[in-house]
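Student: Here it is, the structure, as structure tokens.
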Amino acid sequence: MLNHEPVNKPDLKAWQAEILRTTCFLSSATQLGTKDWWHELIGKQPENRILRLKESLQQDEGHIDGVKLILGIRPMRIDWIAVPNEDQDRFWIGPFQDSLNLFLDLMLRWLKVGPPLKRLAFGAVLMLPVDDQKSGYAMIAKYLSHIKIDSEGSSDFFYQINRRRDSKVEVHDLKINRLSKWGVAKRGIGQIDLSPDIARINFFPASESYVCRLELDINTIAEYQNDLPREQLDNIFQELVDLGKEIAINGDIP
């Protein structure tokens with residue numbers, strides 16, 4: 001039997017959240033006009049609201065507890081997205097676990113007042129700071145134990161996989177996609193060089209940093225034929241979040 005204990009891996013709190021996302025695909029019978037879910041959830045009006053009536057698009061934006069929150073509403077799809085505060089000089093919202101607690105509380109409350117849903121997804125972009133590309137590849141190898149990565153002689157590594165599981169929530173035939181994407185990225189402040197041959201970014205050396213990057217998309221399958229039971233939406237979303245946390249702790253496991 002394979003041992004999936006997180007031995008020699010950082011604790012979950014070491015991961016930093018760059019983006020947290022909830023995506024909802026609506027029931028085909030749902031008709032949406034202009035909605036005031038922001039006020040209902042946050043308790044005040046958004047700082048910005050964009051309405052494109054021709055496209056039936058609404059986007060609300062504001063800040064809560066130092067995090068920028070975006071609500072996007074379009075026909076058949078709703079997105080709640082948390083991103084870093086643009087007034088703060090950093091690439092992430094904060095520690096994944098801390099940021100997730102706030103986001104999860106908001107989403108569980110919204111699901112109680114939101115529309116009927118066909119599909120539900122939890123997404124995240126997480127970063128784990130490392131010293132350089134070599135140490136980044138060595139770190140990712142701990143999460144992808146079945147893959148051999150040459151940390152000395154490799155570059156441009158990218159790994160993506162979906163591992164489907166049966167849902168443990170009491171919803172007949174519900175399955176969940178567990179999509180994860182792994183890589184090492186260089187972050188920093190730089191300028192774009194538009195040379196005749198290729199466009200490239202030249203980073204200012206003092207600003208350069210490396211991170212292991214994990215992108216998660218945990219979602220109920222498209223093949224599920226019915227609307228998701230409203231009384232189970234909070235349990236389903238909690239399961240999606242827990243499966244995302246499991247990947248961030250244990251890596252790519254069946």
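Within each chain, counting starts at residue 1; across the structure tokens, chains are named A, B, ... in the order shown, with ligands numbered 1 upward in that order.
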Quick one: pick out all strand (DSSP E) residues within stretch 2-249 of chain A from a backbone DSSP run and write them as a ChimeraX atom specification.
Tutor: /A:16-26,48-52,57-64,67-74,77-84,94-95,117-130,158-162,165-166,175-187,190-194,199-203,209-220
Student: Could you name the residues that touch stretch 96-104 of chain A at 6 Å or less, counting only C-alpha atoms, but leaving out those on the same chain fewer than 5 positions away, as an MDAnalysis selection string?
Tutor: chainID A and resid 13 15:17
Student: Please build the interface table for stretch 93-156 of chain A against stretch 35-39 of chain A with a cut-off of 12 Å, listing for each qualifying residue the nearest atom pair and the distance in Å to one decimal; count only C-alpha atoms, order rows by chain and increasing number, and write it as CSV.
Tutor:
```
residue,atom,partner,partner_atom,distance
A:Leu106,CA,A:Trp38,CA,10.5
A:Met107,CA,A:Trp37,CA,11.4
A:Arg109,CA,A:Trp37,CA,10.8
A:Trp110,CA,A:Trp37,CA,7.8
A:Leu111,CA,A:Trp37,CA,10.5
A:Lys112,CA,A:Trp37,CA,11.2
A:Val113,CA,A:Trp37,CA,8.2
A:Gly114,CA,A:Trp37,CA,7.9
A:Pro115,CA,A:Trp37,CA,10.5
```
Student: Just C-alpha atoms for this one: save the residues we selected as a PDB file, in the first residue's frame.
Tutor:
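So the final result, stored in again-v1.pdb, reads:
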```pdb
ATOM      1  CA  LEU A 106     -18.790  33.717   2.639  1.00  0.00           C
ATOM      2  CA  MET A 107     -19.475  31.008   0.073  1.00  0.00           C
ATOM      3  CA  ARG A 109     -23.640  31.643   3.349  1.00  0.00           C
ATOM      4  CA  TRP A 110     -24.161  32.625  -0.294  1.00  0.00           C
ATOM      5  CA  LEU A 111     -25.050  29.096  -1.393  1.00  0.00           C
ATOM      6  CA  LYS A 112     -28.065  29.269   0.937  1.00  0.00           C
ATOM      7  CA  VAL A 113     -29.490  32.249  -0.983  1.00  0.00           C
ATOM      8  CA  GLY A 114     -28.101  31.623  -4.478  1.00  0.00           C
ATOM      9  CA  PRO A 115     -29.939  30.136  -7.475  1.00  0.00           C
TER      10      PRO A 115
END
```
Student: Leaving out A:His63 and any residue of its chain fewer than 2 positions from it, which residues lie within 10 Å of it when counting only C-alpha atoms, given as a ChimeraX atom specification?
Tutor: /A:42,46-47,61,65-70,82-85
Student: Using the chain letters and numbers from this document, which residues of stretch 63-210 of chain A does DSSP assign to alpha helix (DSSP H), as a list in words?
Tutor: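 For stretch 63-210 of chain A, the alpha helix (DSSP H) set is Phe96, Gln97, Asp98, Ser99, Leu100, Asn101, Leu102, Phe103, Leu104, Asp105, Leu106, Met107, Leu108, Arg109, Trp110, Leu111, Gln133, Lys134, Ser135, Gly136, Tyr137, Ala138, Met139, Ile140, Ala141, Lys142 and Tyr143 of chain A.
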Student: Excluding same-chain residues fewer than 3 positions from stretch 162-170 of chain A, what lies within 12 Å of it counting only C-alpha atoms, as a ChimeraX atom specification?
Tutor: /A:159,173-182,215-221,224,228-229,231-240,242-244,247,251-254
Student: Nearest to A:Ser56: which of A:Ile73, A:Ser154, A:Thr22, A:Leu126 is it, counting only C-alpha atoms?
Tutor: A:Ile73
Student: Using only C-alpha atoms for the distances, tell me which of A:Tyr143, A:Tyr210, A:Phe91, A:Phe25 is nearest to A:Pro75.
Tutor: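 Looking at the shortest contact to A:Pro75, the residue is A:Phe25.
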Student: As an exercise, work out the distance from atom CA of A:Thr23 to atom CA of A:Leu108 in Å and give it to one decimal place.
Tutor: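 Going from atom CA of A:Thr23 over to atom CA of A:Leu108, I get 13.0 Å.
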Student: Env of A:Asp150: 10 Å cut, atoms = only C-alpha atoms, seq-sep filter 4 positions within chain, self excluded. Answer as a list in words.
Tutor: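 Listed by chain and then number, they are Lys134, Tyr137, Ala138, Ala141, Ser154, Ser155 and Phe157 of chain A.
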Student: Could you tell me how far atom CA of A:Arg21 lies from atom CA of A:Phe122, in Å and to one decimal?
Tutor: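 Between these atoms lies a distance of 5.8 Å.
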Student: Could you tell me how far atom CA of A:Ile161 lies from atom CA of A:Gly72, in Å and to one decimal?
Tutor: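 Atom CA of A:Ile161 sits 27.3 Å away from atom CA of A:Gly72.
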Student: Which residues are near A:Asn8? Cut-off 10 Å, only C-alpha atoms, ignore same chain within fewer than 3 positions. Put them as a list in words.
Tutor: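 In the requested format, the answer is Glu5, Asp11, Met139, Lys142 and Tyr143 of chain A.
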Student: Restricting the output to C-alpha atoms, write the selected residues as a PDB file, in the first residue's frame.
Tutor:
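What ended up in result10.pdb:
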```pdb
ATOM      1  CA  GLU A   5       1.412  10.778   4.758  1.00  0.00           C
ATOM      2  CA  ASP A  11       2.529  22.171   6.510  1.00  0.00           C
ATOM      3  CA  MET A 139      10.073  20.387  -3.559  1.00  0.00           C
ATOM      4  CA  LYS A 142       7.878  15.429  -2.954  1.00  0.00           C
ATOM      5  CA  TYR A 143       4.299  16.041  -4.092  1.00  0.00           C
TER       6      TYR A 143
END
```
Student: Check the smallest atom-to-atom distance from each of A:Leu20, A:Ala185, A:Leu120, A:Leu144 to A:Gly94 using only C-alpha atoms, then report the winner.
Tutor: A:Leu20
